[in-house]
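Everything on this sheet refers to the single structure shown next.
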Amino acid sequence: MSRATRPVLAIAAVSFLLVLLVASTNSAQNANEVNVSFHTFQDTRDVTVLTPTVELSRDMTDRTSLRATFGVDAISAASDSCVRCHRDGAPNHRTGVGAVVTRKFDAYRWSVGGALSGEKFYRASTFTTALTRDLAEANTTVAAGYTFSLNQPTLHPMPDVANQYQHDGFVAVTQTLSKTTIGQVGYEVERLSGYLDSPFLRTDVNGVMTLGQVPDTRVRQTVSLRVRQALPADTFLEGDYRRYIDDWQVGSNAFGAGLSHRFARALLADFSYRRYDQTGASFYAPSYTGTPQYFTGDFRLAPFTSDLYSGRVVINPGQSLLHLPAGYGITLQYDRYQSDNGFESAMFSAGFRVPLGAKP
């Protein structure tokens with residue numbers, strides 16, 4: 001067992017014990033359910049990530065509900081490693097906690113929540129709120145929300161901490177088009193300011209590997225369309241389109257399609273595919289000469305196309321399968337990602353749903 005693998009497995013074991021503790025503690029409180037999931041990720045950079053996640057959903061009253069999450073990422077080699085200090089990457093781990101409270105007011109639903117996450121060289125604090133309104137006998141739903149995040153990267157190897165401010169607003173309309181069809185249109189605008197560089201990525205400027213320099217503000221806009229169609233024989237079809245633009249002249253299109261089928265009461269399977277293409281930032285180049293105002297080594301600002309294939313199976317055992325009570329569930333998912341810049345990754349996820357308060 002490698003030195004990088006041991007802390008990954010240790011964190012997974014501790015997280016699993018925490019899951020059991022949460023379940024046993026809250027089962028007497030008549031909570032709705034706990035979802036336990038484990039995600040493993042590996043890519044062409046030999047980065048391995050193991051993510052145990054626990055999500056608790058509970059109805060506090062008839063009108064108030066709580067959703068809380070706890071997750072840990074154990075990373076064998078940092079994805080954005082400091083090549084000057086850690087040529088082969090540095091092991092890392094990230095911990096995050098979050099909670100959202102939702103309150104119903106007749107046709108309205110109001111949600112307020114927050115999240116905290118931290119790792120070796122990065123901290124993030126997030127506040128979010130959203131308001132949802134049902135119209136036309138619940139055939140139309142209008143939602144709007146706002147999120148603020150304070151992201152604080154450490155300028156490694158220096159101890160200084162920089163601030164990045166992120167404001168995000170969205171509005172979405174979901175409409176029942178027929179007895180078997182639902183559509184949704186959404187718009188999102190996001191503004192980032194402050195430190196927008198990466199302290200870990202360097203690029204070639206006149207033959208010297210140099211930290212990037214990018215504008216200190218960025219405005220992103222996204223328009224999305226979604227359609228869900230029910231077909232005969234417990235089969236469902238879905239289609240998505242997303243258009244993204246920003247003032248760094250990055251533009252992208254994402255097309256998605258999926259098909260799911262319920263083979264039996266206890267078994268649901270689905271497959272989805274997403275095609276993504278992106279133009280590069282106006283100042284992006286593989287290398288730079290002269291005295292450019294802006295330059296970057298961030299691969300996320302380069303032009304590329306990618307494909308994502310996903311397969312998922314959801315098992316709802318019931319009394320007659322696997323000897324588990326009704327309400328329990330098992331989810332298995334596999335994702336395969338590949339892009340034309342040579343990057344590939346694979347992720348396997350396993351989840352277990354526990355209905356707290358249910359009798360075995």
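Ligands are numbered from 1 in the order shown, residues from 1 within each chain, and chains are lettered A, B, ... in the order they appear in the structure tokens.
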May I have the residues within 12 Å of Leu135 (chain A) as an MDAnalysis selection string, using only C-alpha atoms and disregarding those fewer than 2 positions away in the same chain?
chainID A and resid 106:108 132:133 137:143 173:176
Only C-alpha atoms, please: the residues just picked out, written as a compact mmCIF listing (two decimals), in the first residue's frame.
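Result saved to part_3.txt:
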```
# COMPACT_ATOMS: atom_id res chain seq x y z
CA ASP A 106 -48.42 28.25 0.99
CA ALA A 107 -47.30 28.58 -2.66
CA TYR A 108 -43.84 29.89 -1.68
CA THR A 132 -39.63 29.42 -5.21
CA ARG A 133 -43.24 30.12 -6.21
CA GLU A 137 -52.09 24.90 -9.90
CA ALA A 138 -48.40 23.93 -9.56
CA ASN A 139 -48.00 23.50 -13.34
CA THR A 140 -45.55 26.43 -13.35
CA THR A 141 -42.72 26.98 -10.89
CA VAL A 142 -40.63 30.16 -10.76
CA ALA A 143 -37.40 30.15 -8.77
CA VAL A 173 -38.98 28.77 -14.85
CA THR A 174 -40.18 25.16 -14.88
CA GLN A 175 -43.31 24.44 -16.91
CA THR A 176 -45.49 21.34 -17.31
```
Near region 96-104 of chain A, counting only C-alpha atoms, which residues have an atom at most 7 Å away, once you skip same-chain residues fewer than 5 positions from it, shown as a list in words?
Arg63, Thr64, Ser65, Leu66, Arg67, Ala68, Thr69, Phe70, Gly71, Val72, Arg109, Trp110, Ser111, Val112, Gly113, Gly114, Ala115, Leu116, Ser117 and Gly118 of chain A
With N, CA and C atoms retained, could you export that selection as a tab-separated table (two decimals), in the first residue's frame?
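What ended up in result21.tsv:
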```
chain	number	residue	atom	x	y	z
A	63	ARG	N	-43.82	22.40	7.86
A	63	ARG	CA	-43.46	23.44	6.91
A	63	ARG	C	-41.96	23.72	6.84
A	64	THR	N	-41.19	23.12	7.69
A	64	THR	CA	-39.76	23.41	7.74
A	64	THR	C	-38.95	22.13	7.60
A	65	SER	N	-37.96	22.16	6.71
A	65	SER	CA	-37.09	21.00	6.49
A	65	SER	C	-35.64	21.43	6.54
A	66	LEU	N	-34.77	20.47	6.86
A	66	LEU	CA	-33.34	20.71	6.99
A	66	LEU	C	-32.59	19.70	6.14
A	67	ARG	N	-31.58	20.19	5.42
A	67	ARG	CA	-30.68	19.30	4.70
A	67	ARG	C	-29.26	19.68	5.06
A	68	ALA	N	-28.51	18.74	5.63
A	68	ALA	CA	-27.14	18.98	6.07
A	68	ALA	C	-26.21	17.99	5.38
A	69	THR	N	-25.00	18.44	5.05
A	69	THR	CA	-24.04	17.59	4.36
A	69	THR	C	-22.67	17.69	5.03
A	70	PHE	N	-21.94	16.59	4.95
A	70	PHE	CA	-20.55	16.55	5.40
A	70	PHE	C	-19.77	15.71	4.40
A	71	GLY	N	-18.65	16.22	3.91
A	71	GLY	CA	-17.87	15.49	2.93
A	71	GLY	C	-16.39	15.70	3.12
A	72	VAL	N	-15.62	14.70	2.71
A	72	VAL	CA	-14.16	14.74	2.77
A	72	VAL	C	-13.61	14.29	1.44
A	109	ARG	N	-41.72	28.80	-1.28
A	109	ARG	CA	-40.72	28.07	-0.50
A	109	ARG	C	-39.47	28.94	-0.43
A	110	TRP	N	-38.99	29.17	0.77
A	110	TRP	CA	-37.82	30.02	0.98
A	110	TRP	C	-36.72	29.19	1.61
A	111	SER	N	-35.53	29.22	1.02
A	111	SER	CA	-34.39	28.45	1.51
A	111	SER	C	-33.25	29.38	1.88
A	112	VAL	N	-32.59	29.08	2.99
A	112	VAL	CA	-31.42	29.82	3.44
A	112	VAL	C	-30.39	28.80	3.91
A	113	GLY	N	-29.13	28.99	3.51
A	113	GLY	CA	-28.12	28.04	3.92
A	113	GLY	C	-26.71	28.58	3.79
A	114	GLY	N	-25.78	27.75	4.13
A	114	GLY	CA	-24.37	28.13	4.03
A	114	GLY	C	-23.48	26.90	4.01
A	115	ALA	N	-22.23	27.11	3.66
A	115	ALA	CA	-21.27	26.01	3.60
A	115	ALA	C	-19.88	26.53	3.90
A	116	LEU	N	-19.06	25.67	4.50
A	116	LEU	CA	-17.66	25.96	4.78
A	116	LEU	C	-16.83	24.80	4.26
A	117	SER	N	-15.71	25.11	3.63
A	117	SER	CA	-14.80	24.05	3.20
A	117	SER	C	-13.37	24.55	3.35
A	118	GLY	N	-12.47	23.60	3.57
A	118	GLY	CA	-11.07	23.97	3.74
A	118	GLY	C	-10.15	22.85	3.32
```
Among listed residues A:Leu211, A:Val185, A:Ala136, A:Ala281, nearest Leu155 (chain A) (using only C-alpha atoms)
A:Leu211
Neighbouring residues of Phe304 (chain A) were defined as those with any atom within 9 Å, considering only C-alpha atoms; residues of the same chain fewer than 3 positions away were excluded. Please report them as a list in words.
Tyr276, Asp277, Gln278, Thr279, Gly280, Arg300, Ser339, Asp340 and Asn341 of chain A
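Backbone DSSP of region 21-267 of chain A yields alpha helix (DSSP H) at Leu21, Val22, Ala23, Ser24, Thr25 and Asn26 of chain A.
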For Val314 (chain A), list every protein, DNA or RNA residue within 12 Å, evaluated using only C-alpha atoms, and leave out those in the same chain fewer than 6 positions away; present the list as a PyMOL selection string.
chain A and resi 260-271+328-333+349-353
Among region 14-237 of chain A, which ones does DSSP assign to strand (DSSP E or B) (computed from the backbone)? Answer as a PyMOL selection string.
chain A and resi 33-43+48-59+64-75+92-105+108-119+122-135+140-154+161+164-178+181-194+202-205+208-211+213+217-231+235-237
Let's have the selection written as a tab-separated table (two decimals), in the first residue's frame, with C-alpha atoms.
```tsv
chain	number	residue	atom	x	y	z
A	33	GLU	CA	-33.28	9.81	5.68
A	34	VAL	CA	-29.52	9.73	5.54
A	35	ASN	CA	-27.71	9.29	2.23
A	36	VAL	CA	-24.20	7.87	2.41
A	37	SER	CA	-22.04	7.95	-0.73
A	38	PHE	CA	-18.45	7.21	-1.68
A	39	HIS	CA	-16.84	8.53	-4.86
A	40	THR	CA	-13.48	7.42	-6.27
A	41	PHE	CA	-11.75	9.42	-9.01
A	42	GLN	CA	-8.57	8.88	-11.00
A	43	ASP	CA	-7.18	10.79	-13.98
A	48	THR	CA	-6.59	9.81	-7.02
A	49	VAL	CA	-9.51	11.20	-5.02
A	50	LEU	CA	-11.73	9.39	-2.53
A	51	THR	CA	-14.78	11.33	-1.37
A	52	PRO	CA	-17.00	9.99	1.43
A	53	THR	CA	-20.13	12.14	1.78
A	54	VAL	CA	-23.00	12.09	4.27
A	55	GLU	CA	-26.27	13.94	3.64
A	56	LEU	CA	-29.03	14.19	6.25
A	57	SER	CA	-32.56	15.26	5.24
A	58	ARG	CA	-35.10	15.92	7.96
A	59	ASP	CA	-38.58	17.45	8.25
A	64	THR	CA	-39.76	23.41	7.74
A	65	SER	CA	-37.09	21.00	6.49
A	66	LEU	CA	-33.34	20.71	6.99
A	67	ARG	CA	-30.68	19.30	4.70
A	68	ALA	CA	-27.14	18.98	6.07
A	69	THR	CA	-24.04	17.59	4.36
A	70	PHE	CA	-20.55	16.55	5.40
A	71	GLY	CA	-17.87	15.49	2.93
A	72	VAL	CA	-14.16	14.74	2.77
A	73	ASP	CA	-11.91	14.63	-0.30
A	74	ALA	CA	-8.72	12.66	0.21
A	75	ILE	CA	-6.39	13.57	-2.66
A	92	ASN	CA	-4.06	16.95	0.19
A	93	HIS	CA	-7.45	16.59	1.80
A	94	ARG	CA	-10.50	18.81	1.74
A	95	THR	CA	-13.32	18.89	4.30
A	96	GLY	CA	-16.67	20.55	3.76
A	97	VAL	CA	-19.86	21.03	5.79
A	98	GLY	CA	-23.10	22.69	4.75
A	99	ALA	CA	-26.73	23.12	5.73
A	100	VAL	CA	-29.89	24.48	4.08
A	101	VAL	CA	-33.18	25.21	5.84
A	102	THR	CA	-36.35	25.41	3.72
A	103	ARG	CA	-39.59	27.00	4.94
A	104	LYS	CA	-42.94	26.65	3.15
A	105	PHE	CA	-45.42	29.55	2.96
A	108	TYR	CA	-43.84	29.89	-1.68
A	109	ARG	CA	-40.72	28.07	-0.50
A	110	TRP	CA	-37.82	30.02	0.98
A	111	SER	CA	-34.39	28.45	1.51
A	112	VAL	CA	-31.42	29.82	3.44
A	113	GLY	CA	-28.12	28.04	3.92
A	114	GLY	CA	-24.37	28.13	4.03
A	115	ALA	CA	-21.27	26.01	3.60
A	116	LEU	CA	-17.66	25.96	4.78
A	117	SER	CA	-14.80	24.05	3.20
A	118	GLY	CA	-11.07	23.97	3.74
A	119	GLU	CA	-7.93	22.27	2.50
A	122	TYR	CA	-7.64	27.03	0.17
A	123	ARG	CA	-10.70	28.02	2.20
A	124	ALA	CA	-14.22	28.85	1.06
A	125	SER	CA	-17.26	30.27	2.87
A	126	THR	CA	-20.63	30.39	1.11
A	127	PHE	CA	-24.05	31.90	1.87
A	128	THR	CA	-27.05	31.03	-0.30
A	129	THR	CA	-30.75	31.87	-0.43
A	130	ALA	CA	-33.53	31.05	-2.88
A	131	LEU	CA	-37.26	31.72	-3.28
A	132	THR	CA	-39.63	29.42	-5.21
A	133	ARG	CA	-43.24	30.12	-6.21
A	134	ASP	CA	-45.78	27.65	-7.65
A	135	LEU	CA	-48.31	29.04	-10.14
A	140	THR	CA	-45.55	26.43	-13.35
A	141	THR	CA	-42.72	26.98	-10.89
A	142	VAL	CA	-40.63	30.16	-10.76
A	143	ALA	CA	-37.40	30.15	-8.77
A	144	ALA	CA	-34.79	32.82	-8.07
A	145	GLY	CA	-31.75	32.82	-5.85
A	146	TYR	CA	-28.51	34.46	-4.79
A	147	THR	CA	-25.20	33.03	-3.57
A	148	PHE	CA	-22.17	34.80	-2.11
A	149	SER	CA	-18.82	33.07	-1.66
A	150	LEU	CA	-15.58	34.25	-0.10
A	151	ASN	CA	-12.75	32.11	-1.47
A	152	GLN	CA	-9.33	32.43	0.15
A	153	PRO	CA	-6.34	30.77	-1.55
A	154	THR	CA	-2.98	30.72	0.21
A	161	VAL	CA	-3.86	34.67	1.98
A	164	GLN	CA	-11.75	36.23	-4.06
A	165	TYR	CA	-15.38	37.45	-4.00
A	166	GLN	CA	-18.08	35.62	-5.90
A	167	HIS	CA	-21.66	36.85	-6.40
A	168	ASP	CA	-24.11	34.60	-8.21
A	169	GLY	CA	-27.77	35.14	-9.11
A	170	PHE	CA	-30.17	32.91	-11.02
A	171	VAL	CA	-33.77	32.70	-12.18
A	172	ALA	CA	-35.51	29.63	-13.60
A	173	VAL	CA	-38.98	28.77	-14.85
A	174	THR	CA	-40.18	25.16	-14.88
A	175	GLN	CA	-43.31	24.44	-16.91
A	176	THR	CA	-45.49	21.34	-17.31
A	177	LEU	CA	-45.98	21.20	-21.08
A	178	SER	CA	-48.19	18.11	-21.16
A	181	THR	CA	-43.46	16.51	-20.69
A	182	ILE	CA	-41.73	19.06	-18.45
A	183	GLY	CA	-39.51	21.90	-19.65
A	184	GLN	CA	-37.26	24.40	-17.90
A	185	VAL	CA	-35.41	27.55	-18.94
A	186	GLY	CA	-32.85	29.24	-16.70
A	187	TYR	CA	-30.51	32.20	-16.62
A	188	GLU	CA	-27.52	32.74	-14.31
A	189	VAL	CA	-25.11	35.65	-13.94
A	190	GLU	CA	-21.98	35.55	-11.82
A	191	ARG	CA	-19.39	38.19	-10.95
A	192	LEU	CA	-15.96	37.38	-9.53
A	193	SER	CA	-13.48	39.93	-8.23
A	194	GLY	CA	-10.27	40.05	-6.24
A	202	ARG	CA	2.89	28.66	-14.12
A	203	THR	CA	3.28	29.38	-17.82
A	204	ASP	CA	6.12	29.98	-20.25
A	205	VAL	CA	6.87	33.72	-20.64
A	208	VAL	CA	10.77	31.41	-17.98
A	209	MET	CA	8.05	29.57	-16.02
A	210	THR	CA	6.06	32.42	-14.43
A	211	LEU	CA	2.94	32.73	-12.27
A	213	GLN	CA	-1.54	37.35	-14.40
A	217	THR	CA	-12.83	40.92	-12.42
A	218	ARG	CA	-14.83	38.38	-14.41
A	219	VAL	CA	-18.51	38.28	-15.35
A	220	ARG	CA	-20.06	34.97	-16.40
A	221	GLN	CA	-23.48	34.39	-17.97
A	222	THR	CA	-25.28	31.10	-18.58
A	223	VAL	CA	-28.53	30.19	-20.33
A	224	SER	CA	-29.85	26.65	-19.93
A	225	LEU	CA	-32.72	24.63	-21.42
A	226	ARG	CA	-33.99	21.29	-20.13
A	227	VAL	CA	-36.70	18.89	-21.30
A	228	ARG	CA	-37.93	15.73	-19.55
A	229	GLN	CA	-40.18	13.35	-21.49
A	230	ALA	CA	-41.96	10.28	-20.15
A	231	LEU	CA	-42.26	7.42	-22.67
A	235	THR	CA	-39.01	4.79	-19.89
A	236	PHE	CA	-37.87	8.41	-19.62
A	237	LEU	CA	-35.96	10.65	-22.02
```
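As for CA of Asp197 (chain A) and CA of Val214 (chain A), they are spaced 6.1 Å apart.
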Please identify every residue of region 299-349 of chain A that has at least one atom no farther than 9 Å from an atom of region 282-288 of chain A, counting only C-alpha atoms, and for each give the shortest atom pair and the distance in Å to one decimal, arranged by chain then increasing number, as CSV.
```
residue,atom,partner,partner_atom,distance
A:Leu301,CA,A:Tyr284,CA,6.6
A:Ala302,CA,A:Tyr284,CA,6.3
A:Pro303,CA,A:Tyr284,CA,8.8
```
Please produce an output containing C-alpha atoms for each residue in the selection, written as a PDB file, in the first residue's frame.
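Saved as selection_26.pdb:
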```
ATOM      1  CA  LEU A 301      -8.945  28.756 -20.019  1.00  0.00           C
ATOM      2  CA  ALA A 302      -7.687  26.840 -23.071  1.00  0.00           C
ATOM      3  CA  PRO A 303      -9.903  25.766 -26.006  1.00  0.00           C
TER       4      PRO A 303
END
```
